[in-house]
Amino acid sequence: MSKIIDGKILAEKIKDKITREIHELNGPRPNLAIILIGERPDSELYVSLKEREAKKVGIDTHLYKCPENINERELLKIIKCLNDDKLIDAILVQLPLPAAIDTATIMLALDPAKDVDGFQPENLEKLLKSCESPDLMPPVFAVVLEMLKSIDYKIANKQVCVIFNSDIFGKSLAHVLKCRGAITEILKVGDKNLAEHSRQADVLITAAGQSKFIKQNMIKQDAVIIDIGISRQSGKVVGDVDFENVKNKAGYITPVPGGVGPMTIAMAFKNTLELYKKRQIK
């Protein structure tokens, strides 16, 4: 039976530390603006969780809920206002965006100094151009590193496979892991011989959004499995990994829900606090 990497427990530790630090600052609270477009149930759920948990740690949230049919120009106006708003320390755009809106254009419009997710092109360029620790690590990348740290797993010289559906995500995460000595391979769901490659991985990280497609025959004995993928099956939130099918073969595994999700929220709050502190120094 695999050992569970419990994201809820790890997230609580991070949030406790953030709460203490905000309390000790004894000043105005950090302010996080969240932009939500449309009425996707999963996005609405994530945002409500972020709002609830932010309140607990001492971060004030400002929700900008936009209709599904908002046009790009109107959305860019909102972002410009938030970039210029001296009250706002950090901005989070809830993804995915509607098909009519170009995500790259929206991310480019964000003030790099307020970009919680670290995917604004200027911030991403800093991350990818060297192996020095960036000012701000994208939350989901920080989650992967923190989870490996929590089980005292050294990835230097280990075979790591990243399965993804976004080039920016897959290649960027692979870079972060290579910088820490891992031998990385990036794959897409439709790649030929996917299972043959994934079976070689000491660490398998999947973010494809394909319900339970990772089966026992696709993983190495005692591999560490980090499941970032989220989708719905029969009304339930599930990951890319068929948990019941692989749990007796994996060494460590993250559950869905309760794995990467809570940790990603905690890391977004950590970034919010860091952005707030930088603005206070200025």
# chains A, B, ... in the order shown; residues from 1 in each chain; ligands from 1
>>> residues_around(residues="range 218-227 of chain A", least_positions_apart="5", cutoff="9 Å", atoms="only C-alpha atoms", output="ChimeraX atom specification")
/A:2,5,144,147-148,194-207,239-241,246,248-256,259-260
>>> write_last_selection(atoms="N, CA, C and O atoms", output="short mmCIF file (atom, residue, chain, number, x, y, z; two decimals), in the first residue's frame")
data_model
loop_
_atom_site.label_atom_id
_atom_site.label_comp_id
_atom_site.auth_asym_id
_atom_site.auth_seq_id
_atom_site.Cartn_x
_atom_site.Cartn_y
_atom_site.Cartn_z
N SER A 2 0.58 2.17 -0.90
CA SER A 2 1.36 3.41 -1.00
C SER A 2 1.23 4.26 0.26
O SER A 2 0.24 4.20 0.98
N ILE A 5 0.79 11.23 0.39
CA ILE A 5 1.31 12.58 0.63
C ILE A 5 0.09 13.46 0.84
O ILE A 5 -0.60 13.80 -0.11
N VAL A 144 5.16 20.90 -5.91
CA VAL A 144 5.90 19.68 -6.27
C VAL A 144 7.17 19.58 -5.43
O VAL A 144 7.46 18.52 -4.83
N MET A 147 6.34 18.90 -1.71
CA MET A 147 5.87 17.53 -1.48
C MET A 147 7.04 16.54 -1.47
O MET A 147 7.10 15.63 -0.63
N LEU A 148 7.98 16.73 -2.38
CA LEU A 148 9.17 15.87 -2.40
C LEU A 148 10.00 16.07 -1.14
O LEU A 148 10.51 15.13 -0.55
N LEU A 194 3.75 6.20 -24.60
CA LEU A 194 3.70 6.93 -23.33
C LEU A 194 3.94 6.01 -22.14
O LEU A 194 4.77 6.30 -21.26
N ALA A 195 3.25 4.89 -22.10
CA ALA A 195 3.37 3.96 -20.97
C ALA A 195 4.78 3.41 -20.84
O ALA A 195 5.29 3.25 -19.73
N GLU A 196 5.40 3.17 -21.97
CA GLU A 196 6.77 2.63 -21.97
C GLU A 196 7.72 3.62 -21.28
O GLU A 196 8.60 3.23 -20.51
N HIS A 197 7.52 4.90 -21.53
CA HIS A 197 8.36 5.94 -20.93
C HIS A 197 7.99 6.17 -19.45
O HIS A 197 8.86 6.29 -18.60
N SER A 198 6.69 6.24 -19.17
CA SER A 198 6.27 6.52 -17.79
C SER A 198 6.68 5.41 -16.83
O SER A 198 6.91 5.66 -15.65
N ARG A 199 6.80 4.19 -17.34
CA ARG A 199 7.21 3.05 -16.49
C ARG A 199 8.66 3.15 -16.03
O ARG A 199 9.07 2.46 -15.10
N GLN A 200 9.44 4.00 -16.69
CA GLN A 200 10.86 4.16 -16.31
C GLN A 200 11.05 5.21 -15.22
O GLN A 200 12.14 5.35 -14.67
N ALA A 201 9.99 5.95 -14.91
CA ALA A 201 10.12 7.12 -14.03
C ALA A 201 10.14 6.76 -12.55
O ALA A 201 9.26 6.06 -12.06
N ASP A 202 11.15 7.30 -11.85
CA ASP A 202 11.18 7.19 -10.39
C ASP A 202 10.13 8.12 -9.79
O ASP A 202 9.55 7.82 -8.74
N VAL A 203 9.91 9.25 -10.47
CA VAL A 203 8.88 10.21 -10.07
C VAL A 203 8.02 10.50 -11.29
O VAL A 203 8.53 10.89 -12.34
N LEU A 204 6.72 10.31 -11.14
CA LEU A 204 5.78 10.60 -12.23
C LEU A 204 4.88 11.75 -11.79
O LEU A 204 4.18 11.67 -10.78
N ILE A 205 4.93 12.85 -12.56
CA ILE A 205 4.11 14.02 -12.28
C ILE A 205 3.15 14.20 -13.45
O ILE A 205 3.59 14.33 -14.60
N THR A 206 1.87 14.19 -13.17
CA THR A 206 0.91 14.26 -14.26
C THR A 206 -0.05 15.43 -14.09
O THR A 206 -0.60 15.65 -13.01
N ALA A 207 -0.24 16.20 -15.17
CA ALA A 207 -1.13 17.37 -15.16
C ALA A 207 -1.85 17.44 -16.50
O ALA A 207 -1.83 18.44 -17.19
N GLY A 239 -8.54 12.62 -10.27
CA GLY A 239 -7.27 13.02 -10.86
C GLY A 239 -6.96 12.25 -12.12
O GLY A 239 -7.79 11.49 -12.64
N ASP A 240 -5.74 12.45 -12.62
CA ASP A 240 -5.28 11.69 -13.79
C ASP A 240 -5.00 10.24 -13.44
O ASP A 240 -4.99 9.37 -14.31
N VAL A 241 -4.70 9.99 -12.16
CA VAL A 241 -4.28 8.67 -11.71
C VAL A 241 -5.48 7.86 -11.19
O VAL A 241 -6.28 8.38 -10.41
N VAL A 246 -3.59 1.89 -8.73
CA VAL A 246 -2.13 2.00 -8.61
C VAL A 246 -1.62 2.01 -7.17
O VAL A 246 -0.42 1.89 -6.93
N ASN A 248 -1.32 0.10 -4.70
CA ASN A 248 -0.50 -0.97 -4.15
C ASN A 248 0.85 -1.12 -4.85
O ASN A 248 1.69 -1.92 -4.44
N LYS A 249 1.05 -0.32 -5.89
CA LYS A 249 2.32 -0.39 -6.62
C LYS A 249 3.19 0.84 -6.40
O LYS A 249 4.42 0.75 -6.37
N ALA A 250 2.56 2.00 -6.23
CA ALA A 250 3.31 3.24 -6.02
C ALA A 250 3.95 3.25 -4.63
O ALA A 250 3.45 2.63 -3.70
N GLY A 251 5.08 3.98 -4.52
CA GLY A 251 5.72 4.14 -3.22
C GLY A 251 5.04 5.22 -2.41
O GLY A 251 4.67 5.04 -1.25
N TYR A 252 4.85 6.38 -3.07
CA TYR A 252 4.13 7.51 -2.49
C TYR A 252 3.15 8.01 -3.54
O TYR A 252 3.44 7.94 -4.74
N ILE A 253 2.01 8.55 -3.08
CA ILE A 253 1.02 9.05 -4.03
C ILE A 253 0.23 10.20 -3.41
O ILE A 253 -0.01 10.22 -2.20
N THR A 254 -0.15 11.16 -4.25
CA THR A 254 -1.01 12.26 -3.78
C THR A 254 -2.45 11.92 -4.15
O THR A 254 -2.73 11.53 -5.28
N PRO A 255 -3.38 12.09 -3.21
CA PRO A 255 -4.79 11.84 -3.52
C PRO A 255 -5.41 13.02 -4.26
O PRO A 255 -4.88 14.12 -4.24
N VAL A 256 -6.53 12.76 -4.94
CA VAL A 256 -7.35 13.83 -5.53
C VAL A 256 -8.80 13.51 -5.16
O VAL A 256 -9.29 12.44 -5.51
N GLY A 259 -4.80 16.53 -2.25
CA GLY A 259 -3.37 16.43 -2.48
C GLY A 259 -2.78 17.77 -2.89
O GLY A 259 -2.51 18.64 -2.07
N VAL A 260 -2.62 17.93 -4.20
CA VAL A 260 -2.00 19.14 -4.75
C VAL A 260 -2.88 20.39 -4.55
O VAL A 260 -2.36 21.48 -4.28
#
>>> select_by_dssp(residues="range 22-260 of chain A", states="strand (DSSP E or B)", output="PyMOL selection string")
chain A and resi 31-37+60-66+90-93+115+159-164+183-188+203-207+214+224-227+231-233+236-238+241+252-253
>>> atom_distance(atom1="CA of Asp89 in chain A", atom2="CA of Arg29 in chain A")
9.7 Å
>>> closest_atom_pairs(of="range 79-197 of chain A", to="range 43-53 of chain A", cutoff="10 Å", atoms="only C-alpha atoms", output="CSV")
residue,atom,partner,partner_atom,distance
A:Leu92,CA,A:Val47,CA,9.9
A:Gln94,CA,A:Ser43,CA,6.8
A:Leu95,CA,A:Ser43,CA,7.4
A:Pro96,CA,A:Ser43,CA,8.1
A:Leu97,CA,A:Ser43,CA,9.8
>>> write_last_selection(atoms="N, CA, C and O atoms", output="compact mmCIF listing (two decimals), in the first residue's frame")
# COMPACT_ATOMS: atom_id res chain seq x y z
N LEU A 92 -4.66 37.43 -9.12
CA LEU A 92 -4.77 36.04 -9.55
C LEU A 92 -5.89 35.95 -10.58
O LEU A 92 -7.03 36.32 -10.29
N GLN A 94 -8.18 33.45 -12.46
CA GLN A 94 -8.58 32.04 -12.38
C GLN A 94 -8.66 31.45 -13.79
O GLN A 94 -9.42 31.92 -14.63
N LEU A 95 -7.87 30.43 -14.03
CA LEU A 95 -7.86 29.75 -15.33
C LEU A 95 -8.67 28.46 -15.23
O LEU A 95 -8.85 27.92 -14.15
N PRO A 96 -9.17 27.93 -16.37
CA PRO A 96 -8.99 28.44 -17.73
C PRO A 96 -9.94 29.58 -18.05
O PRO A 96 -11.00 29.72 -17.43
N LEU A 97 -9.55 30.38 -19.03
CA LEU A 97 -10.38 31.48 -19.51
C LEU A 97 -11.27 30.98 -20.66
O LEU A 97 -10.95 29.97 -21.31
>>> closest_residue(among="A:Asp111, A:Asp102, A:Glu185, A:Asp16", to="Val57 in chain A", atoms="only C-alpha atoms")
A:Asp16
>>> residues_around(residues="Ile18 in chain A", least_positions_apart="5", cutoff="12 Å", atoms="only C-alpha atoms", output="JSON, numbers by chain")
{"A": [11, 12, 13, 23, 24, 25, 29, 30, 53, 54, 55, 56, 57, 58, 59, 266, 267, 268, 269, 270, 271, 272, 273, 274]}
>>> closest_residue(among="A:Ala109, A:Ile101, A:Val116, A:Val140", to="Lys77 in chain A", atoms="only C-alpha atoms")
A:Ala109
>>> residues_around(residues="range 73-76 of chain A", least_positions_apart="4", cutoff="10 Å", atoms="only C-alpha atoms", output="compact mmCIF listing (two decimals) with N, CA, C and O atoms, in the first residue's frame")
# COMPACT_ATOMS: atom_id res chain seq x y z
N ILE A 35 -9.72 37.42 -10.27
CA ILE A 35 -10.59 37.63 -11.43
C ILE A 35 -11.19 36.29 -11.84
O ILE A 35 -10.46 35.33 -12.13
N ILE A 37 -14.02 34.54 -14.43
CA ILE A 37 -14.86 34.78 -15.61
C ILE A 37 -15.77 33.58 -15.86
O ILE A 37 -15.32 32.44 -15.86
N CYS A 66 -16.71 38.28 -13.59
CA CYS A 66 -17.06 38.81 -14.91
C CYS A 66 -17.94 37.79 -15.66
O CYS A 66 -17.78 36.59 -15.49
N LYS A 80 -5.77 46.56 -15.92
CA LYS A 80 -5.03 47.83 -15.81
C LYS A 80 -5.39 48.56 -14.52
O LYS A 80 -4.52 49.10 -13.82
N CYS A 81 -6.68 48.57 -14.18
CA CYS A 81 -7.12 49.23 -12.94
C CYS A 81 -6.48 48.56 -11.72
O CYS A 81 -6.04 49.25 -10.78
N LEU A 82 -6.42 47.24 -11.74
CA LEU A 82 -5.83 46.51 -10.61
C LEU A 82 -4.32 46.71 -10.55
O LEU A 82 -3.73 46.81 -9.47
N ILE A 101 -11.15 34.44 -25.30
CA ILE A 101 -10.13 35.32 -24.71
C ILE A 101 -8.77 34.64 -24.77
O ILE A 101 -8.62 33.48 -24.39
N THR A 105 -2.39 36.90 -23.91
CA THR A 105 -2.58 38.36 -23.91
C THR A 105 -2.89 38.86 -22.50
O THR A 105 -2.37 39.89 -22.05
N ILE A 106 -3.75 38.12 -21.80
CA ILE A 106 -4.15 38.51 -20.44
C ILE A 106 -2.97 38.40 -19.48
O ILE A 106 -2.73 39.30 -18.66
N MET A 107 -2.20 37.33 -19.57
CA MET A 107 -1.06 37.15 -18.67
C MET A 107 0.00 38.23 -18.92
O MET A 107 0.63 38.73 -17.99
N ALA A 109 -0.57 41.22 -19.81
CA ALA A 109 -1.06 42.51 -19.30
C ALA A 109 -0.86 42.68 -17.79
O ALA A 109 -0.89 43.80 -17.28
N LEU A 110 -0.65 41.58 -17.09
CA LEU A 110 -0.47 41.67 -15.63
C LEU A 110 0.83 42.39 -15.27
O LEU A 110 1.86 42.20 -15.92
>>> select_by_dssp(residues="range 22-161 of chain A", states="helix (DSSP H, G or I)", output="PyMOL selection string")
chain A and resi 22-25+41-57+72-84+103-109+112-114+121-129+139-150
>>> decode(residues="range 71-84 of chain A", atoms="N, CA and C atoms", output="short mmCIF file (atom, residue, chain, number, x, y, z; two decimals), in the first residue's frame")
data_model
loop_
_atom_site.label_atom_id
_atom_site.label_comp_id
_atom_site.auth_asym_id
_atom_site.auth_seq_id
_atom_site.Cartn_x
_atom_site.Cartn_y
_atom_site.Cartn_z
N ASN A 71 -15.59 40.80 -23.16
CA ASN A 71 -14.60 40.80 -24.25
C ASN A 71 -13.21 41.14 -23.70
N GLU A 72 -12.24 40.86 -24.52
CA GLU A 72 -10.85 41.01 -24.10
C GLU A 72 -10.52 42.43 -23.67
N ARG A 73 -11.06 43.41 -24.40
CA ARG A 73 -10.77 44.81 -24.10
C ARG A 73 -11.27 45.18 -22.70
N GLU A 74 -12.46 44.73 -22.36
CA GLU A 74 -13.02 45.03 -21.03
C GLU A 74 -12.19 44.37 -19.92
N LEU A 75 -11.77 43.15 -20.19
CA LEU A 75 -10.97 42.43 -19.20
C LEU A 75 -9.61 43.11 -19.01
N LEU A 76 -9.03 43.58 -20.09
CA LEU A 76 -7.75 44.28 -20.00
C LEU A 76 -7.88 45.58 -19.22
N LYS A 77 -9.06 46.23 -19.33
CA LYS A 77 -9.30 47.45 -18.55
C LYS A 77 -9.31 47.14 -17.05
N ILE A 78 -9.95 46.03 -16.69
CA ILE A 78 -9.99 45.62 -15.27
C ILE A 78 -8.58 45.36 -14.76
N ILE A 79 -7.79 44.66 -15.56
CA ILE A 79 -6.41 44.34 -15.15
C ILE A 79 -5.59 45.62 -14.99
N LYS A 80 -5.77 46.56 -15.92
CA LYS A 80 -5.03 47.83 -15.81
C LYS A 80 -5.39 48.56 -14.52
N CYS A 81 -6.68 48.57 -14.18
CA CYS A 81 -7.12 49.23 -12.94
C CYS A 81 -6.48 48.56 -11.72
N LEU A 82 -6.42 47.24 -11.74
CA LEU A 82 -5.83 46.51 -10.61
C LEU A 82 -4.32 46.71 -10.55
N ASN A 83 -3.68 46.77 -11.72
CA ASN A 83 -2.24 47.06 -11.77
C ASN A 83 -1.94 48.41 -11.12
N ASP A 84 -2.83 49.39 -11.37
CA ASP A 84 -2.62 50.76 -10.89
C ASP A 84 -3.12 50.98 -9.46
#
